[in-house]
>>> print(open('data.txt').read())   # compact mmCIF, C-alpha atoms
# COMPACT_ATOMS: atom_id res chain seq x y z
CA MET A 1 122.40 101.94 104.29
CA SER A 2 118.74 102.65 103.54
CA ALA A 3 116.52 104.59 105.94
CA PRO A 4 114.48 101.57 107.10
CA GLU A 5 117.65 99.57 107.82
CA SER A 6 119.17 102.49 109.70
CA GLN A 7 116.01 102.90 111.76
CA LYS A 8 115.96 99.18 112.52
CA GLU A 9 119.60 99.27 113.62
CA ASN A 10 118.87 102.19 115.94
CA HIS A 11 115.88 100.26 117.29
CA ALA A 12 118.05 97.18 117.95
CA GLU A 13 120.68 99.29 119.75
CA SER A 14 118.02 100.88 121.93
CA ALA A 15 116.64 97.46 122.82
CA GLU A 16 120.12 96.28 123.87
CA ASP A 17 120.48 99.36 126.07
CA ILE A 18 117.17 98.59 127.72
CA PHE A 19 118.08 94.96 128.31
CA ALA A 20 121.41 96.01 129.82
CA ARG A 21 119.72 98.42 132.23
CA GLU A 22 117.06 95.88 133.24
CA GLN A 23 119.72 93.21 133.77
CA ALA A 24 121.58 95.64 136.03
CA VAL A 25 118.39 96.21 138.04
CA LEU A 26 117.95 92.45 138.41
CA THR A 27 121.58 92.05 139.55
CA ASP A 28 121.14 94.78 142.15
CA ALA A 29 117.94 93.14 143.40
CA ARG A 30 119.74 89.82 143.85
CA ALA A 31 122.59 91.55 145.70
CA ILE A 32 120.12 93.20 148.05
CA LEU A 33 118.39 89.85 148.58
CA ASP A 34 121.71 88.17 149.46
CA ARG A 35 122.35 90.78 152.14
CA ALA A 36 118.84 90.66 153.58
CA ASP A 37 119.65 87.92 156.14
CA ALA A 38 117.51 89.55 158.82
CA ALA A 39 114.41 89.69 156.64
CA PRO A 40 111.51 87.36 157.51
CA ASP A 41 111.43 84.11 155.54
CA GLU A 42 108.12 85.05 153.93
CA LEU A 43 109.57 88.32 152.65
CA ARG A 44 112.74 86.66 151.38
CA GLY A 45 110.68 83.96 149.64
CA GLY A 46 108.50 86.58 147.99
CA MET A 47 111.51 88.59 146.83
CA GLN A 48 113.14 85.45 145.42
CA ALA A 49 109.96 84.57 143.51
CA VAL A 50 109.79 88.09 142.07
CA THR A 51 113.41 88.05 140.90
CA ARG A 52 113.03 84.60 139.32
CA SER A 53 109.88 85.68 137.48
CA TYR A 54 111.51 88.91 136.37
CA ASP A 55 114.55 86.98 135.10
CA ARG A 56 112.31 84.63 133.05
CA LEU A 57 110.36 87.58 131.67
CA LEU A 58 113.55 89.36 130.68
CA ARG A 59 114.92 86.29 128.89
CA MET A 60 111.59 85.73 127.11
CA THR A 61 111.45 89.36 126.00
CA ARG A 62 114.99 89.17 124.65
CA ARG A 63 114.08 86.03 122.69
CA LEU A 64 110.97 87.66 121.22
CA THR A 65 113.03 90.69 120.22
CA GLU A 66 115.56 88.47 118.45
CA MET A 67 112.74 86.68 116.60
CA SER A 68 111.28 90.03 115.58
CA ASP A 69 114.66 91.20 114.27
CA ASN A 70 115.07 88.01 112.24
CA SER A 71 111.56 88.35 110.79
CA HIS A 72 112.29 91.97 109.87
CA ARG A 73 115.49 91.01 108.07
CA GLU A 74 113.71 88.24 106.16
CA LEU A 75 110.92 90.63 105.19
CA MET A 76 113.45 93.21 103.97
CA GLU A 77 115.20 90.56 101.85
CA ILE A 78 111.91 89.41 100.31
CA THR A 79 110.87 93.00 99.58
CA GLU A 80 114.23 93.77 97.99
CA PHE A 81 113.99 90.67 95.80
CA LYS A 82 110.40 91.53 94.82
CA ASN A 83 111.37 95.09 93.84
CA HIS A 84 114.35 93.83 91.83
CA LEU A 85 112.27 91.20 90.02
CA LEU A 86 109.44 93.63 89.36
CA GLY A 87 111.76 96.29 88.00
CA MET A 88 113.61 93.81 85.80
CA ALA A 89 110.36 92.41 84.38
CA ALA A 90 108.93 95.86 83.70
CA HIS A 91 112.11 96.95 81.91
CA ASP A 92 112.10 93.81 79.77
CA ILE A 93 108.45 94.33 78.81
CA ARG A 94 108.76 98.05 78.18
CA THR A 95 111.22 97.71 75.29
CA PRO A 96 109.13 95.46 73.00
CA LEU A 97 106.01 97.37 73.99
CA GLY A 98 107.62 100.61 72.88
CA VAL A 99 108.46 99.01 69.53
CA MET A 100 104.83 97.89 69.12
CA ILE A 101 103.53 101.38 69.89
CA GLY A 102 106.02 102.94 67.49
CA PHE A 103 105.15 100.66 64.59
CA SER A 104 101.41 101.05 65.19
CA GLN A 105 101.86 104.84 65.10
CA ILE A 106 103.68 104.58 61.75
CA MET A 107 100.92 102.37 60.36
CA LEU A 108 98.25 104.80 61.57
CA GLU A 109 99.83 107.56 59.52
CA ASP A 110 98.97 105.53 56.38
CA ALA A 111 95.64 104.22 57.71
CA ASP A 112 93.73 105.96 54.88
CA GLU A 113 95.07 103.33 52.51
CA LEU A 114 93.80 100.47 54.70
CA PRO A 115 90.28 99.05 55.08
CA ASP A 116 88.26 100.91 57.72
CA GLU A 117 88.24 98.04 60.18
CA TYR A 118 92.05 97.88 60.06
CA GLY A 119 92.23 101.50 61.13
CA VAL A 120 89.94 100.72 64.05
CA TYR A 121 92.12 97.79 65.09
CA LEU A 122 95.30 99.86 64.83
CA ASN A 123 93.82 102.62 66.98
CA LYS A 124 92.90 100.08 69.63
CA ILE A 125 96.35 98.47 69.53
CA HIS A 126 98.04 101.86 69.81
CA GLY A 127 95.74 103.10 72.58
CA GLN A 128 95.96 99.95 74.67
CA GLY A 129 99.72 99.85 74.18
CA GLU A 130 100.06 103.39 75.53
CA LYS A 131 97.89 102.52 78.55
CA LEU A 132 100.02 99.46 79.27
CA LEU A 133 103.20 101.50 78.92
CA GLU A 134 101.82 104.05 81.38
CA LEU A 135 101.06 101.25 83.84
CA LEU A 136 104.58 99.82 83.46
CA ASN A 137 106.13 103.24 84.05
CA ASP A 138 104.03 103.61 87.20
CA ILE A 139 105.11 100.18 88.45
CA LEU A 140 108.76 101.03 87.81
CA ALA A 141 108.43 104.34 89.65
CA LEU A 142 106.77 102.60 92.59
CA SER A 143 109.42 99.88 92.63
CA GLU A 144 112.20 102.48 92.61
CA SER A 145 110.66 104.40 95.49
CA GLU A 146 110.14 101.26 97.62
CA ALA A 147 113.72 100.19 96.95
CA GLY A 148 114.99 103.64 97.92
CA SER A 149 116.58 104.11 94.50
CA MET A 150 114.43 106.90 93.09
CA GLN A 151 116.77 109.25 91.26
CA LEU A 152 116.05 112.99 91.11
CA ASN A 153 117.43 115.21 88.36
CA VAL A 154 117.52 118.42 90.36
CA ALA A 155 117.49 121.83 88.72
CA SER A 156 115.90 125.22 89.36
CA PHE A 157 112.58 125.79 87.63
CA SER A 158 109.32 127.73 87.82
CA VAL A 159 106.43 125.83 89.36
CA ALA A 160 104.04 128.49 88.04
CA ALA A 161 105.16 127.84 84.46
CA LEU A 162 104.82 124.08 84.93
CA LEU A 163 101.33 124.38 86.41
CA GLY A 164 100.31 126.75 83.63
CA GLU A 165 101.26 124.14 81.03
CA LEU A 166 99.35 121.41 82.86
CA VAL A 167 96.22 123.55 83.24
CA GLU A 168 96.32 124.34 79.53
CA LEU A 169 96.61 120.64 78.70
CA GLY A 170 93.81 119.80 81.10
CA GLN A 171 91.40 122.25 79.48
CA VAL A 172 90.60 119.77 76.71
CA SER A 173 89.41 117.09 79.13
CA ALA A 174 87.65 119.63 81.34
CA GLN A 175 85.75 121.23 78.47
CA LYS A 176 84.56 117.83 77.25
CA LYS A 177 82.97 117.31 80.65
CA GLN A 178 81.75 120.92 80.98
CA ILE A 179 84.06 121.53 83.93
CA ALA A 180 85.59 124.96 84.58
CA LEU A 181 89.33 124.53 85.15
CA GLU A 182 90.61 127.71 86.83
CA GLN A 183 94.04 128.80 88.01
CA SER A 184 95.28 131.32 90.56
CA PHE A 185 99.04 131.72 90.90
CA ALA A 186 100.74 134.07 93.35
CA ALA A 187 104.22 135.44 92.68
CA VAL A 188 106.58 132.81 94.10
CA PRO A 189 110.29 132.11 93.65
CA GLN A 190 111.64 129.22 91.64
CA ILE A 191 112.44 126.00 93.45
CA SER A 192 115.07 123.32 93.03
CA GLY A 193 113.69 119.91 92.20
CA ASP A 194 113.05 117.30 89.54
CA ARG A 195 110.67 119.03 87.13
CA ALA A 196 109.63 115.83 85.35
CA ARG A 197 108.87 114.03 88.61
CA LEU A 198 106.85 116.92 90.03
CA GLU A 199 105.04 117.26 86.70
CA GLN A 200 103.86 113.69 87.27
CA VAL A 201 102.55 114.67 90.72
CA PHE A 202 100.66 117.79 89.63
CA SER A 203 99.35 116.17 86.44
CA ASN A 204 97.91 113.34 88.49
CA LEU A 205 96.17 115.69 90.91
CA ILE A 206 94.65 117.80 88.12
CA SER A 207 93.56 114.84 86.00
CA ASN A 208 92.03 113.12 89.06
CA ALA A 209 90.08 116.25 89.93
CA ILE A 210 88.64 116.36 86.40
CA LYS A 211 88.11 112.60 86.30
CA TYR A 212 85.93 112.49 89.43
CA SER A 213 84.07 115.78 88.98
CA PRO A 214 80.54 115.93 87.60
CA ALA A 215 79.56 118.26 84.76
CA GLU A 216 79.10 121.99 85.37
CA THR A 217 81.40 122.07 88.39
CA ARG A 218 84.76 123.75 88.96
CA VAL A 219 88.34 122.67 89.58
CA ASP A 220 90.72 125.24 91.09
CA VAL A 221 94.51 125.00 90.82
CA GLN A 222 96.30 127.42 93.13
CA LEU A 223 99.91 128.30 93.85
CA ALA A 224 101.00 130.39 96.83
CA LEU A 225 103.61 130.77 99.54
CA HIS A 226 102.80 128.87 102.72
CA GLU A 227 104.12 130.04 106.07
CA THR A 228 107.63 131.42 105.54
CA ASP A 229 109.65 128.78 103.74
CA TRP A 230 107.16 126.58 101.89
CA LEU A 231 105.53 126.71 98.50
CA ARG A 232 101.98 125.28 98.34
CA VAL A 233 100.22 123.85 95.30
CA SER A 234 96.57 123.01 95.87
CA VAL A 235 94.00 121.34 93.65
CA ARG A 236 90.38 121.58 94.77
CA ASP A 237 87.32 120.07 93.10
CA GLN A 238 83.58 120.01 93.70
CA GLY A 239 83.18 116.28 93.29
CA PRO A 240 81.59 113.76 95.66
CA GLY A 241 84.43 113.86 98.18
CA ILE A 242 85.92 110.85 99.96
CA ILE A 243 84.51 109.25 103.10
CA ALA A 244 86.71 109.23 106.20
CA GLU A 245 87.18 105.44 106.18
CA GLU A 246 88.73 105.59 102.70
CA GLN A 247 90.89 108.69 103.16
CA GLN A 248 93.43 106.69 105.17
CA PHE A 249 94.47 104.58 102.16
CA VAL A 250 94.26 107.01 99.22
CA PHE A 251 98.08 107.10 99.06
CA ARG A 252 98.49 103.30 99.17
CA PRO A 253 99.29 101.38 95.98
CA PHE A 254 96.39 99.74 94.12
CA ARG A 255 93.83 101.00 96.63
CA LYS A 256 90.82 102.73 95.11
CA THR A 257 87.97 104.58 96.72
CA SER A 258 84.31 103.78 96.14
CA ASN A 259 84.01 106.87 93.92
CA LYS A 260 83.70 106.22 90.20
CA PRO A 261 85.07 108.45 87.42
CA THR A 262 82.20 110.51 86.03
CA GLY A 263 83.24 109.94 82.41
CA GLY A 264 84.14 106.25 82.54
CA GLU A 265 87.89 106.96 82.76
CA LYS A 266 90.24 104.24 83.96
CA SER A 267 92.58 104.28 86.95
CA THR A 268 95.46 102.01 87.98
CA GLY A 269 95.35 102.97 91.65
CA LEU A 270 99.04 103.91 91.58
CA GLY A 271 99.03 107.62 90.82
CA LEU A 272 98.63 109.01 94.33
CA ALA A 273 100.98 106.41 95.85
CA ILE A 274 103.72 107.46 93.44
CA ALA A 275 102.91 111.15 93.94
CA GLU A 276 103.39 110.83 97.69
CA ARG A 277 106.78 109.16 97.26
CA ILE A 278 107.97 111.81 94.82
CA VAL A 279 106.90 114.62 97.14
CA ILE A 280 108.60 112.98 100.14
CA ALA A 281 111.79 112.53 98.08
CA HIS A 282 111.74 116.33 97.61
CA GLY A 283 111.45 116.87 101.36
CA GLY A 284 107.81 117.90 101.00
CA ARG A 285 104.40 116.67 102.08
CA ILE A 286 101.12 115.89 100.34
CA GLN A 287 97.79 115.80 102.15
CA LEU A 288 94.08 115.48 101.52
CA GLU A 289 91.15 117.35 103.01
CA SER A 290 87.74 115.99 102.07
CA ALA A 291 84.25 115.16 103.23
CA PRO A 292 81.33 113.44 101.50
CA GLY A 293 79.59 115.93 99.23
CA ALA A 294 82.25 118.60 99.81
CA GLY A 295 84.78 117.67 97.12
CA CYS A 296 88.48 116.97 97.54
CA HIS A 297 91.29 119.36 98.36
CA PHE A 298 94.77 117.98 97.73
CA TYR A 299 97.72 120.17 98.54
CA VAL A 300 101.45 119.74 98.11
CA ASP A 301 103.96 121.67 100.21
CA LEU A 302 107.51 121.92 98.89
CA PRO A 303 110.41 123.52 100.78
CA LEU A 304 112.05 126.66 99.43
CA GLY A 305 115.33 125.88 101.17
CA GLU A 306 118.05 123.46 100.12
CA SER A 307 117.29 121.23 97.17
CA PRO A 308 117.10 117.44 97.45
CA THR A 309 120.33 115.67 96.58
CA ARG A 310 119.08 112.33 95.26
>>> encode(input="data.txt", output="structure tokens")
Amino acid sequence: MSAPESQKENHAESAEDIFAREQAVLTDARAILDRADAAPDELRGGMQAVTRSYDRLLRMTRRLTEMSDNSHRELMEITEFKNHLLGMAAHDIRTPLGVMIGFSQIMLEDADELPDEYGVYLNKIHGQGEKLLELLNDILALSESEAGSMQLNVASFSVAALLGELVELGQVSAQKKQIALEQSFAAVPQISGDRARLEQVFSNLISNAIKYSPAETRVDVQLALHETDWLRVSVRDQGPGIIAEEQQFVFRPFRKTSNKPTGGEKSTGLGLAIAERIVIAHGGRIQLESAPGAGCHFYVDLPLGESPTR
């Protein structure tokens, strides 16, 4: 049983307990009323009116709860169908798209023998194909997380080594925009987790920091121990920051802030939503600290204890 279903079942059981207790109170009130022969008629009439009203309210509340439960079940069924359909469609599209990208790559290797405009067309086909494949992979990852079927290939690895690789890769984009990409890694133990999934998280944070930073600023990637049993990865930039009204939905799918990439880069609006789900699947947390004009500080806390099992 998935977590939302389990929570809903616990909620339904708690509601039944409440109804049972309230019904017992109403029964006791009626018993007291039956024995109150010596009470003035006005008092008895008032007590009878109260018990009748309370009985109607209790029955109405029970009915509303049942309607809510039915609506929740219907919503869960629709969401499950949507995730299944979305995942199936993305899988079916990804295979022919991969073939197209592969053949365009082969043709690009012999582009010198083709007219110049053909080489331009092939580059566009290949580039757009890769962007579409990236979007499909993001949709699949999001669909898996919403369906509760995200699989983790857990193994022990060095977060410092992973971050070092990502910083090195990010230097190319940073240098093009005259951004200083700096790293500061403390000595930390290895963790157990899905390296590929967490690479997606950290890569997104670093690329976003570069994407939204103006020229001649700095992006800092740091790794340190946090408290006693957490490892913290933080990515801080000197960009425009995010206003408070928009910070509440930065981790929601397809929601974008009013900030624009400083180099005209594109964004699907899925990266941070997927990152949050991956971090949560590892038993961790991801948060944002920001203010207009003060840049963004994203940090990811991962536990050093038992590894995730999914």
>>> atom_distance(input="data.txt", atom1="atom CA of Ile286 of chain A", atom2="atom CA of Ser207 of chain A")
16.2 Å
>>> residues_around(input="data.txt", residues="segment 171-187 of chain A", least_positions_apart="4", cutoff="6 Å", atoms="all atoms listed in the file", output="tab-separated table (two decimals) with C-alpha atoms, in the frame of the given file")
chain	number	residue	atom	x	y	z
A	215	ALA	CA	79.56	118.26	84.76
A	216	GLU	CA	79.10	121.99	85.37
A	217	THR	CA	81.40	122.07	88.39
A	218	ARG	CA	84.76	123.75	88.96
A	219	VAL	CA	88.34	122.67	89.58
A	220	ASP	CA	90.72	125.24	91.09
A	221	VAL	CA	94.51	125.00	90.82
A	222	GLN	CA	96.30	127.42	93.13
A	223	LEU	CA	99.91	128.30	93.85
A	224	ALA	CA	101.00	130.39	96.83
>>> atom_distance(input="data.txt", atom1="atom CA of Leu135 of chain A", atom2="atom CA of Gly269 of chain A")
9.8 Å
>>> closest_residue(input="data.txt", among="A:Ala291, A:Leu132, A:Leu122, A:Leu304", to="Phe157 of chain A", atoms="all atoms listed in the file")
A:Leu304
>>> atom_distance(input="data.txt", atom1="atom CA of Asp110 of chain A", atom2="atom CA of Lys124 of chain A")
15.6 Å
>>> closest_residue(input="data.txt", among="A:Gly98, A:Ile93, A:Asp301, A:Asn137", to="Glu227 of chain A", atoms="only C-alpha atoms")
A:Asp301
>>> axis_aligned_box(input="data.txt", around="segment 208-215 of chain A", padding_each_side="3 Å", output="JSON")
{"center_x": 85.8, "center_y": 115.4, "center_z": 87.3, "size_x": 18.5, "size_y": 11.8, "size_z": 11.2}
>>> closest_residue(input="data.txt", among="A:Gly271, A:Gly263, A:Gly283, A:Gly293", to="Gly241 of chain A", atoms="all atoms listed in the file")
A:Gly293
>>> closest_residue(input="data.txt", among="A:Asp55, A:Glu289, A:Asp92, A:Asp229", to="Thr27 of chain A", atoms="all atoms listed in the file")
A:Asp55
